[in-house]
Structure formats: C-alpha cells, structure tokens
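Asks: Could you have a look at this structure, given as structure tokens, before my questions?
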Amino acid sequence: MKILVVNCGSSSLKYQLIDMEGEVVLAKGLVERIGIEGSILTQKVEGREKYVIKQPMASHKDAIKLVLEALVDSQNGVIKDMSEISAVGHRVVHGAEKYSNSVLIDEDVMKTLEECSKLAPLHNPPNIIGINACKELMPNTPMVGVFDTAFHQTIPEYAYIYPLPYELYKKYGVRKYGFHGTSHRFVSSAAADLLGKDIKELKIITCHLGNGASITAVKDGKSIETSMGFTPLEGIAMGTRSGNIDPAIITFLMKELNLTIEEVDDIVNKKSGVYGISGVSSDFRDIEDAAWKEGNKRAQLALDVYYYKVKKFIGSYAAVMNGVDCIVFTAGLGENSPETREYVCEGLDYLGVKIDKEKNKVRGKAVDISSEDSKVRVLVIPTNEELMIARDVKEIVKG
Ligand code: ADP
C-alpha cells in the first residue's frame, strides 16, 4: 500500500510518498512559493539527483497537480500511475475537541474543519485548501485527516481549563489544546519500543525542540499535559515565539507603545524567543556559534534562558506524573544539539537523570544517551510525523 502524506502551509507544501511494505519513503518533496513569483518544486528520491521543477503555480491545486506529475514522471518519478496511491494523509493543525483520533474525511468532517479554522486561522485554511485540491484531482482516493491536537485530547479537564471566566471556554473554546501531537505520539511510542517496555507502564517526558517547541507529559501512553496551549505561542521560549510571559505585558506594551493588536502579535510571535533575546538569529546553530565562537553575551543569555525553561517544564512534568522513567529529545535541536541535551539535563540528578557524555555526542539517531546508573533513561529519537500519519491512514483505510 502506497500512501501520500501532504502537509500544506499557506505558500508551501511538503509531501512524502511512503510504501507501507517496510515503511519505505519512495519520494519526498517540497513545493515553495505557491501563489507567488518563483514557484518551485524539489523532489528527492534516495540515490538520485534532486528533481527540480520551476514553473508558476497559482494555487495549491496547481502545486498538487505538479506533485502528482513529479511522482509519475517517467524519468524522475517513482510510480507508473496515480492509481497506485491508495490513500492520502493530510496533516491538519487543529481538530479542536472534535477529533481525538485521525479520521476519514467526508463532507461532515470538512464542515467541522471549517469551524475549527476560527481557532487556527493561519494553519487550518491552507490545510483545507490542500484537502480540497487533492479531492478534486483524486476523487476516488480516500483522504484522511491527522490532527496536531488529537493526541492531547486526553489531557484532563483540570489541566486544560485556564483560570479565566468559564464562559470563555464554553462559548469560545478558550482552553489548552496543545500541538505537535503527532510527533509526541510517535516518539513516545518509539521510546517504549527502544526500551523494550509497554508504553502503559511508562512515565515519559517528550521534548520536541525545533523552531517551534513543546514538551509533553505522557503517562500510560496518553498525553496528560503539554506546554503549548490555546495556540502554539504558550510554553517554552522558541525560535521567535516568546512562550509563557506575564499576560499583562501585552496590555502594557499596547498602552505604552500605542501598538495595535497586529503589532503586538508580531512581537510575541515573530520577534521574541531566542531571536528576541540574542538579536542574532532564530536558528540555534547561529546562536550557538555566536555564543561559543564569538563570545556574544546576549546569544549566551538566550541559550541560558532556553535551557532553563526546558528544565522547568521537565521538573513540573515529573511533578504532575509523580516521577519520570524516560526523557526524550527530538526535532531539529533535540536531535542534533548535544550541548542542549547536556545543559538541560544538568542539575536534574535529584530526579535520577544522568547523561553519558560520550553517548550524547550522537546526532539524528535513536540512541539511549543515559549512563548505566541513570535511574531515568534519556533518549534521542528522531521524530517522523509523516510516517505516523501514514500509519494512521493505513489503519483507517484498511478498517
Ligand atoms: P521546525 O520543523 O519547527 O521548523 P526543526 O525541527 O527543523 O524545526 O528544527 C529547527 C531548529 O533546529 C533550528 O533552530 C536549527 O538551528 C536547529 N538545529 C538543526 N540542526 C542543528 C544542529 N546541528 N545544532 C544545533 N541546532 C540545530
């Protein structure tokens, strides 16, 4: 069974064609600058040169059309005919309280997704456009929606309710939803596999540290708390997002600097985080270089703030689970920065966390980096949201 996984952004589209026999990625690609000048598709197939197509793509439908053409291309493609694609899995950011699992997309689901757009105005609309485009081009192929929020629907009420007037939850859906759920689900399950344990017996803290970042407490295989909230702005400091701050800072800034809602939104989402503190970059590689090679003090401060925030969440999640058996690092920074893992775990010996510095030198591989006598296993696990989506699609389509 071959499954196409699609992740549509506002002007970009990522895709993978996965053969579920052996879970092999046949092709993966990225379409950029959809609807703007300079549209480009780049497809990668293991062992081959990159296949690049530069041609105008006015819409997501044009983009998907070109993706399908690239996949069946006689020279550069990997399948003979579109009919070889058994189903399509779509990453959808927000499923609100409607979806705690992935779902076969029908007219009712499309309506619900439209409703959910209110909660994710930047993310759900391009997801919906992508689904519609695929439906038009592949009317007989089943489509499945896989939600970033779904895994966190097991978070208990006392953890997802904000201490705000209760009507705001009831009328407007103001509550914690959490994001990156597909990644947290994938790595927590892979962690249990790597440890050879039943996930239902484990207390796991998963740290998804990428450009956007979130931390999740997984108990008995279920998410019971996560750092992102009503939006992906809550939680730890990120590349450009502030994460948790005193909410009164927003109104203070609006009053003092006479800022509009859009301007203040821009500050906390795009000009804050490690970029805001360092003034260097939102990319951790640049910040690490500035701090450690050039002695840039603000870059070092940004890193110190970051490690401190991650450590605080780990401590509090050990508290909510009454202990922790395993900490997982994943995503760009979690998989590739040994220093981040070392500094975050420094001083967690009270929890029984001990890292082996040699084992910790790993980048991008699934490895147990804790020392023999560490009570808590510390793992690096590369995330694979596309594979998780494809597995869900297979399950649903077969069912
Ligand atoms: P997203 O999917 O949210 O865009 P990623 O998971 O790709 O993000 O993570 C991107 C982040 O990972 C960037 O800040 C990048 O600097 C960081 N990163 C990637 N490789 C390394 C590395 N070798 N050392 C330090 N940071 C890295």
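By order of appearance in the structure tokens: chains A, B, ..., then residues from 1 within every chain, and ligands from 1 in the order shown.
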Within 6 Å of ligand 1, which residues of chain A come that close, and what is the closest atom pair and distance in Å for each? Count only C-alpha atoms and all ligand atoms and give it as CSV.

Replies:
residue,atom,partner,partner_atom_place_in_ligand_line,distance
A:Gly210,CA,ligand 1,9 (O),3.4
A:Asn211,CA,ligand 1,3 (O),3.7
A:Gly212,CA,ligand 1,3 (O),4.4
A:Asp283,CA,ligand 1,14 (O),3.7
A:Phe284,CA,ligand 1,16 (O),3.7
A:Arg285,CA,ligand 1,16 (O),4.4
A:Ala331,CA,ligand 1,6 (O),3.9
A:Gly332,CA,ligand 1,9 (O),3.3
A:Leu333,CA,ligand 1,12 (O),4.0
A:Asn336,CA,ligand 1,23 (N),4.5
A:Ser337,CA,ligand 1,24 (N),4.4

Asks: If you run DSSP on the backbone, which residues of segment 310-394 of chain A are strand (DSSP E), as a tab-separated table (two decimals) with all heavy atoms, in the first residue's frame?

Replies:
chain	number	residue	atom	x	y	z
A	326	CYS	N	11.52	8.24	31.70
A	326	CYS	CA	12.23	8.44	30.44
A	326	CYS	C	12.02	9.85	29.92
A	326	CYS	O	10.91	10.38	29.96
A	326	CYS	CB	11.64	7.40	29.46
A	326	CYS	SG	12.17	7.59	27.78
A	327	ILE	N	13.12	10.47	29.48
A	327	ILE	CA	13.04	11.80	28.84
A	327	ILE	C	13.49	11.62	27.39
A	327	ILE	O	14.52	11.00	27.14
A	327	ILE	CB	13.94	12.82	29.56
A	327	ILE	CG1	13.49	13.00	31.01
A	327	ILE	CG2	13.94	14.16	28.82
A	327	ILE	CD1	14.41	13.86	31.85
A	328	VAL	N	12.71	12.14	26.46
A	328	VAL	CA	13.04	12.00	25.03
A	328	VAL	C	13.33	13.37	24.43
A	328	VAL	O	12.57	14.32	24.64
A	328	VAL	CB	11.86	11.38	24.25
A	328	VAL	CG1	12.23	11.20	22.78
A	328	VAL	CG2	11.44	10.05	24.85
A	329	PHE	N	14.43	13.47	23.70
A	329	PHE	CA	14.74	14.69	22.95
A	329	PHE	C	14.50	14.42	21.47
A	329	PHE	O	15.00	13.43	20.93
A	329	PHE	CB	16.19	15.10	23.16
A	329	PHE	CG	16.45	15.67	24.53
A	329	PHE	CD1	16.94	14.87	25.56
A	329	PHE	CD2	16.18	17.00	24.80
A	329	PHE	CE1	17.15	15.39	26.82
A	329	PHE	CE2	16.39	17.53	26.06
A	329	PHE	CZ	16.88	16.73	27.08
A	330	THR	N	13.76	15.34	20.83
A	330	THR	CA	13.52	15.18	19.39
A	330	THR	C	13.42	16.52	18.68
A	330	THR	O	13.52	17.57	19.33
A	330	THR	CB	12.23	14.33	19.16
A	330	THR	OG1	12.19	13.93	17.79
A	330	THR	CG2	10.97	15.12	19.47
A	367	VAL	N	19.05	6.80	20.08
A	367	VAL	CA	20.06	6.26	20.98
A	367	VAL	C	19.68	6.57	22.43
A	367	VAL	O	19.12	7.63	22.73
A	367	VAL	CB	21.45	6.91	20.69
A	367	VAL	CG1	22.49	6.47	21.70
A	367	VAL	CG2	21.93	6.58	19.30
A	368	ASP	N	19.99	5.65	23.33
A	368	ASP	CA	19.86	5.89	24.77
A	368	ASP	C	21.15	6.57	25.21
A	368	ASP	O	22.23	5.99	25.11
A	368	ASP	CB	19.70	4.52	25.47
A	368	ASP	CG	19.47	4.67	26.97
A	368	ASP	OD1	19.85	5.72	27.54
A	368	ASP	OD2	18.93	3.73	27.58
A	377	ARG	N	15.88	6.96	31.96
A	377	ARG	CA	16.51	6.78	30.65
A	377	ARG	C	16.34	8.07	29.84
A	377	ARG	O	15.23	8.63	29.78
A	377	ARG	CB	15.87	5.63	29.85
A	377	ARG	CG	15.78	4.27	30.47
A	377	ARG	CD	16.95	3.87	31.31
A	377	ARG	NE	18.23	3.85	30.61
A	377	ARG	CZ	19.40	3.71	31.22
A	377	ARG	NH1	19.47	3.61	32.54
A	377	ARG	NH2	20.50	3.68	30.54
A	378	VAL	N	17.41	8.54	29.27
A	378	VAL	CA	17.35	9.74	28.43
A	378	VAL	C	17.63	9.30	26.99
A	378	VAL	O	18.67	8.70	26.71
A	378	VAL	CB	18.36	10.81	28.88
A	378	VAL	CG1	18.20	12.08	28.06
A	378	VAL	CG2	18.21	11.11	30.37
A	379	LEU	N	16.68	9.57	26.11
A	379	LEU	CA	16.79	9.08	24.73
A	379	LEU	C	16.77	10.21	23.71
A	379	LEU	O	16.11	11.23	23.92
A	379	LEU	CB	15.60	8.15	24.41
A	379	LEU	CG	15.26	7.02	25.38
A	379	LEU	CD1	14.06	6.24	24.85
A	379	LEU	CD2	16.44	6.07	25.58
A	380	VAL	N	17.51	9.98	22.62
A	380	VAL	CA	17.36	10.84	21.44
A	380	VAL	C	16.57	10.00	20.45
A	380	VAL	O	16.95	8.87	20.17
A	380	VAL	CB	18.74	11.19	20.83
A	380	VAL	CG1	18.56	12.00	19.56
A	380	VAL	CG2	19.60	11.93	21.84

Asks: I want to know what sits within 10 Å of Ile64 of chain A, based on only C-alpha atoms, with residues of the same chain fewer than 4 positions away left out; could you give that as a PyMOL selection string?

Replies: chain A and resi 6+8+13+15+31+57+59-60+68-70+130-131+133-134+137

Asks: Can you tell me, as a ChimeraX atom specification, what residues are no more than 10 Å from Ala291 of chain A when counting only C-alpha atoms, ignoring any on the same chain fewer than 2 positions away?

Replies: /A:278,280,285-289,293-303

Asks: As JSON, numbers by chain, which residues of segment 293-394 of chain A does DSSP assign to alpha helix (DSSP H)?

Replies: {"A": [297, 298, 299, 300, 301, 302, 303, 304, 305, 306, 307, 308, 309, 310, 311, 312, 313, 314, 315, 316, 317, 318, 319, 320, 321, 331, 332, 333, 334, 335, 336, 338, 339, 340, 341, 342, 343, 344, 345, 385, 386, 387, 388, 389, 390, 391, 392, 393, 394]}

Asks: Could you name the residues that touch Val274 of chain A at 7 Å or less, counting only C-alpha atoms, but leaving out those on the same chain fewer than 4 positions away, as a list of chain:residue names?

Replies: A:Ala237, A:Met238, A:Gly239, A:Thr240, A:Ser278, A:Ser282, A:Ala302

Asks: What gap, in Å, lies between atom CA of Ile204 of chain A and atom CA of Tyr158 of chain A?

Replies: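 Atom CA of Tyr158 of chain A lies 20.0 Å from atom CA of Ile204 of chain A.
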
Asks: To one decimal place, how far is atom CA of Pro382 of chain A from atom CA of Ala191 of chain A in Å?

Replies: 10.4 Å

Asks: Set the distance at 12 Å and use only C-alpha atoms: which residues neighbour segment 20-24 of chain A once local chain neighbours fewer than 6 positions away are removed? I'd like the list as a PyMOL selection string.

Replies: chain A and resi 1-5+45-46+85-87+384+386-395

Asks: Selected residues, N, CA and C atoms, written as a CSV table (one decimal), in the first residue's frame, please.

Replies:
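Output below, filename part-v3.csv:
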chain,number,residue,atom,x,y,z
A,1,MET,N,0.8,-1.2,0.0
A,1,MET,CA,0.0,0.0,0.0
A,1,MET,C,0.9,1.3,0.0
A,2,LYS,N,0.6,2.2,-1.0
A,2,LYS,CA,1.4,3.4,-1.1
A,2,LYS,C,0.6,4.6,-0.6
A,3,ILE,N,1.1,5.3,0.3
A,3,ILE,CA,0.3,6.4,0.9
A,3,ILE,C,1.1,7.8,0.7
A,4,LEU,N,0.3,8.7,0.2
A,4,LEU,CA,0.8,10.1,0.0
A,4,LEU,C,0.5,10.9,1.3
A,5,VAL,N,1.5,11.5,1.9
A,5,VAL,CA,1.3,12.3,3.0
A,5,VAL,C,1.6,13.8,2.6
A,45,VAL,N,14.6,11.6,-4.2
A,45,VAL,CA,14.5,10.1,-4.2
A,45,VAL,C,15.8,9.6,-3.8
A,46,GLU,N,15.9,8.7,-2.8
A,46,GLU,CA,17.1,8.1,-2.4
A,46,GLU,C,18.0,7.6,-3.5
A,85,ILE,N,-1.5,5.2,-5.8
A,85,ILE,CA,-1.6,5.8,-4.5
A,85,ILE,C,-3.0,5.4,-3.8
A,86,SER,N,-2.9,4.6,-2.7
A,86,SER,CA,-4.1,4.0,-2.1
A,86,SER,C,-4.9,5.0,-1.3
A,87,ALA,N,-4.1,6.0,-0.7
A,87,ALA,CA,-4.8,7.0,0.1
A,87,ALA,C,-3.9,8.1,0.4
A,384,ASN,N,9.2,11.5,13.3
A,384,ASN,CA,8.8,11.1,12.0
A,384,ASN,C,7.3,11.3,11.9
A,386,GLU,N,5.5,12.2,9.4
A,386,GLU,CA,4.9,11.7,8.1
A,386,GLU,C,4.6,10.2,8.2
A,387,LEU,N,5.6,9.5,8.8
A,387,LEU,CA,5.4,8.0,9.0
A,387,LEU,C,4.2,7.7,9.9
A,388,MET,N,4.1,8.5,11.0
A,388,MET,CA,3.0,8.4,11.9
A,388,MET,C,1.6,8.6,11.2
A,389,ILE,N,1.6,9.7,10.4
A,389,ILE,CA,0.4,10.0,9.6
A,389,ILE,C,0.1,8.8,8.7
A,390,ALA,N,1.1,8.3,8.0
A,390,ALA,CA,0.9,7.2,7.0
A,390,ALA,C,0.4,5.9,7.8
A,391,ARG,N,0.9,5.7,8.9
A,391,ARG,CA,0.4,4.5,9.7
A,391,ARG,C,-1.0,4.7,10.1
A,392,ASP,N,-1.4,5.9,10.5
A,392,ASP,CA,-2.8,6.1,10.8
A,392,ASP,C,-3.7,5.9,9.6
A,393,VAL,N,-3.2,6.4,8.4
A,393,VAL,CA,-4.0,6.3,7.2
A,393,VAL,C,-4.2,4.8,6.8
A,394,LYS,N,-3.1,4.1,6.9
A,394,LYS,CA,-3.2,2.6,6.6
A,394,LYS,C,-4.3,2.0,7.5
A,395,GLU,N,-4.2,2.3,8.8
A,395,GLU,CA,-5.1,1.7,9.8
A,395,GLU,C,-6.6,2.0,9.4

Asks: Using only C-alpha atoms, can you tell me which of A:Val344, A:Val92, A:Ala290, A:Val109 comes closest to His123 of chain A?

Replies: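 Selected residue with least distance to His123 of chain A: A:Val92.
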
Asks: Which of these, A:Ile34, A:Ile40, A:Val88, A:Ala213, has the shortest distance to Pro126 of chain A once you count only C-alpha atoms?

Replies: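 Of the candidates, the smallest distance to Pro126 of chain A is held by A:Ile34.
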
Asks: When you count only C-alpha atoms, which of these residues is closest to Ile199 of chain A: A:Asp106, A:Glu225, A:Asp325, A:Thr340?

Replies: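 For Ile199 of chain A, the nearest of the given residues is A:Asp325.
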
Asks: Excluding Cys345 of chain A and any residue of its chain fewer than 6 positions from it, enumerate the residues within 12 Å of it, using only C-alpha atoms, and give them as number ranges by chain.

Replies: A: 207, 307-315, 327-329, 338-339, 351-357, 360, 369-370, 374, 376-379

Asks: Give me, as a tab-separated table, the closest atom pair and its distance (Å, one decimal) for every residue of segment 120-147 of chain A within a cut-off of 12 Å of segment 396-399 of chain A, counting only C-alpha atoms, rows sorted by chain and rising number.

Replies:
residue	atom	partner	partner_atom	distance
A:Thr141	CA	A:Val397	CA	10.1
A:Pro142	CA	A:Val397	CA	7.3
A:Met143	CA	A:Val397	CA	8.9
A:Val144	CA	A:Ile396	CA	7.8
A:Gly145	CA	A:Ile396	CA	10.3
A:Val146	CA	A:Ile396	CA	10.8

Asks: Next, dump the selected residues to file, keeping only N, CA, C and O atoms, as a PDB file, in the first residue's frame.

Replies:
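Listing of out.pdb after writing:
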ATOM      1  N   THR A 141      -9.879   8.579  -4.356  1.00  0.00           N
ATOM      2  CA  THR A 141      -8.868   8.142  -3.378  1.00  0.00           C
ATOM      3  C   THR A 141      -9.280   8.602  -1.977  1.00  0.00           C
ATOM      4  O   THR A 141      -9.605   9.773  -1.790  1.00  0.00           O
ATOM      5  N   PRO A 142      -9.285   7.688  -0.999  1.00  0.00           N
ATOM      6  CA  PRO A 142      -9.660   8.112   0.352  1.00  0.00           C
ATOM      7  C   PRO A 142      -8.668   9.125   0.929  1.00  0.00           C
ATOM      8  O   PRO A 142      -7.462   9.016   0.721  1.00  0.00           O
ATOM      9  N   MET A 143      -9.224  10.106   1.637  1.00  0.00           N
ATOM     10  CA  MET A 143      -8.415  11.146   2.290  1.00  0.00           C
ATOM     11  C   MET A 143      -8.601  11.011   3.802  1.00  0.00           C
ATOM     12  O   MET A 143      -9.729  10.838   4.270  1.00  0.00           O
ATOM     13  N   VAL A 144      -7.492  11.127   4.532  1.00  0.00           N
ATOM     14  CA  VAL A 144      -7.558  11.014   5.992  1.00  0.00           C
ATOM     15  C   VAL A 144      -6.947  12.262   6.619  1.00  0.00           C
ATOM     16  O   VAL A 144      -5.927  12.762   6.148  1.00  0.00           O
ATOM     17  N   GLY A 145      -7.597  12.771   7.653  1.00  0.00           N
ATOM     18  CA  GLY A 145      -7.064  13.934   8.375  1.00  0.00           C
ATOM     19  C   GLY A 145      -6.378  13.469   9.658  1.00  0.00           C
ATOM     20  O   GLY A 145      -6.938  12.662  10.404  1.00  0.00           O
ATOM     21  N   VAL A 146      -5.167  13.961   9.884  1.00  0.00           N
ATOM     22  CA  VAL A 146      -4.418  13.619  11.101  1.00  0.00           C
ATOM     23  C   VAL A 146      -4.098  14.942  11.808  1.00  0.00           C
ATOM     24  O   VAL A 146      -3.480  15.829  11.215  1.00  0.00           O
TER      25      VAL A 146
END

Asks: Taking a cut-off of 12 Å and counting only C-alpha atoms, can you build a table that, for each residue of segment 66-106 of chain A near segment 166-176 of chain A, reports the nearest atom pair and how far apart they are in Å (one decimal), sorted by chain then residue number, as a Markdown table?

Replies:
| residue | atom | partner | partner_atom | distance |
| --- | --- | --- | --- | --- |
| A:His94 | CA | A:Lys176 | CA | 11.9 |
| A:Gly95 | CA | A:Gly173 | CA | 11.8 |
| A:Ala96 | CA | A:Gly173 | CA | 8.2 |
| A:Glu97 | CA | A:Gly173 | CA | 8.7 |
| A:Lys98 | CA | A:Gly173 | CA | 11.4 |

Asks: Those same residues - N, CA, C and O atoms - I'd like them written as a PDB file, in the first residue's frame.

Replies:
ATOM      1  N   HIS A  94      -5.505  21.877  13.522  1.00  0.00           N
ATOM      2  CA  HIS A  94      -6.449  21.970  14.634  1.00  0.00           C
ATOM      3  C   HIS A  94      -7.696  21.116  14.436  1.00  0.00           C
ATOM      4  O   HIS A  94      -8.409  21.266  13.452  1.00  0.00           O
ATOM      5  N   GLY A  95      -7.949  20.238  15.372  1.00  0.00           N
ATOM      6  CA  GLY A  95      -9.178  19.445  15.337  1.00  0.00           C
ATOM      7  C   GLY A  95     -10.059  19.766  16.524  1.00  0.00           C
ATOM      8  O   GLY A  95     -11.041  19.064  16.789  1.00  0.00           O
ATOM      9  N   ALA A  96      -9.684  20.811  17.263  1.00  0.00           N
ATOM     10  CA  ALA A  96     -10.422  21.264  18.452  1.00  0.00           C
ATOM     11  C   ALA A  96     -10.797  20.067  19.347  1.00  0.00           C
ATOM     12  O   ALA A  96     -10.015  19.148  19.504  1.00  0.00           O
ATOM     13  N   GLU A  97     -12.015  20.095  19.898  1.00  0.00           N
ATOM     14  CA  GLU A  97     -12.416  18.979  20.767  1.00  0.00           C
ATOM     15  C   GLU A  97     -13.121  17.893  19.964  1.00  0.00           C
ATOM     16  O   GLU A  97     -13.571  16.902  20.526  1.00  0.00           O
ATOM     17  N   LYS A  98     -13.216  18.111  18.653  1.00  0.00           N
ATOM     18  CA  LYS A  98     -13.979  17.177  17.816  1.00  0.00           C
ATOM     19  C   LYS A  98     -13.199  15.895  17.555  1.00  0.00           C
ATOM     20  O   LYS A  98     -13.782  14.839  17.397  1.00  0.00           O
TER      21      LYS A  98
END

Asks: For Asp148 of chain A, which of A:Ser272, A:Ser316, A:Ser39, A:Asn127 is the closest residue, counting only C-alpha atoms?

Replies: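 Using only C-alpha atoms, the shortest distance to Asp148 of chain A belongs to A:Asn127.
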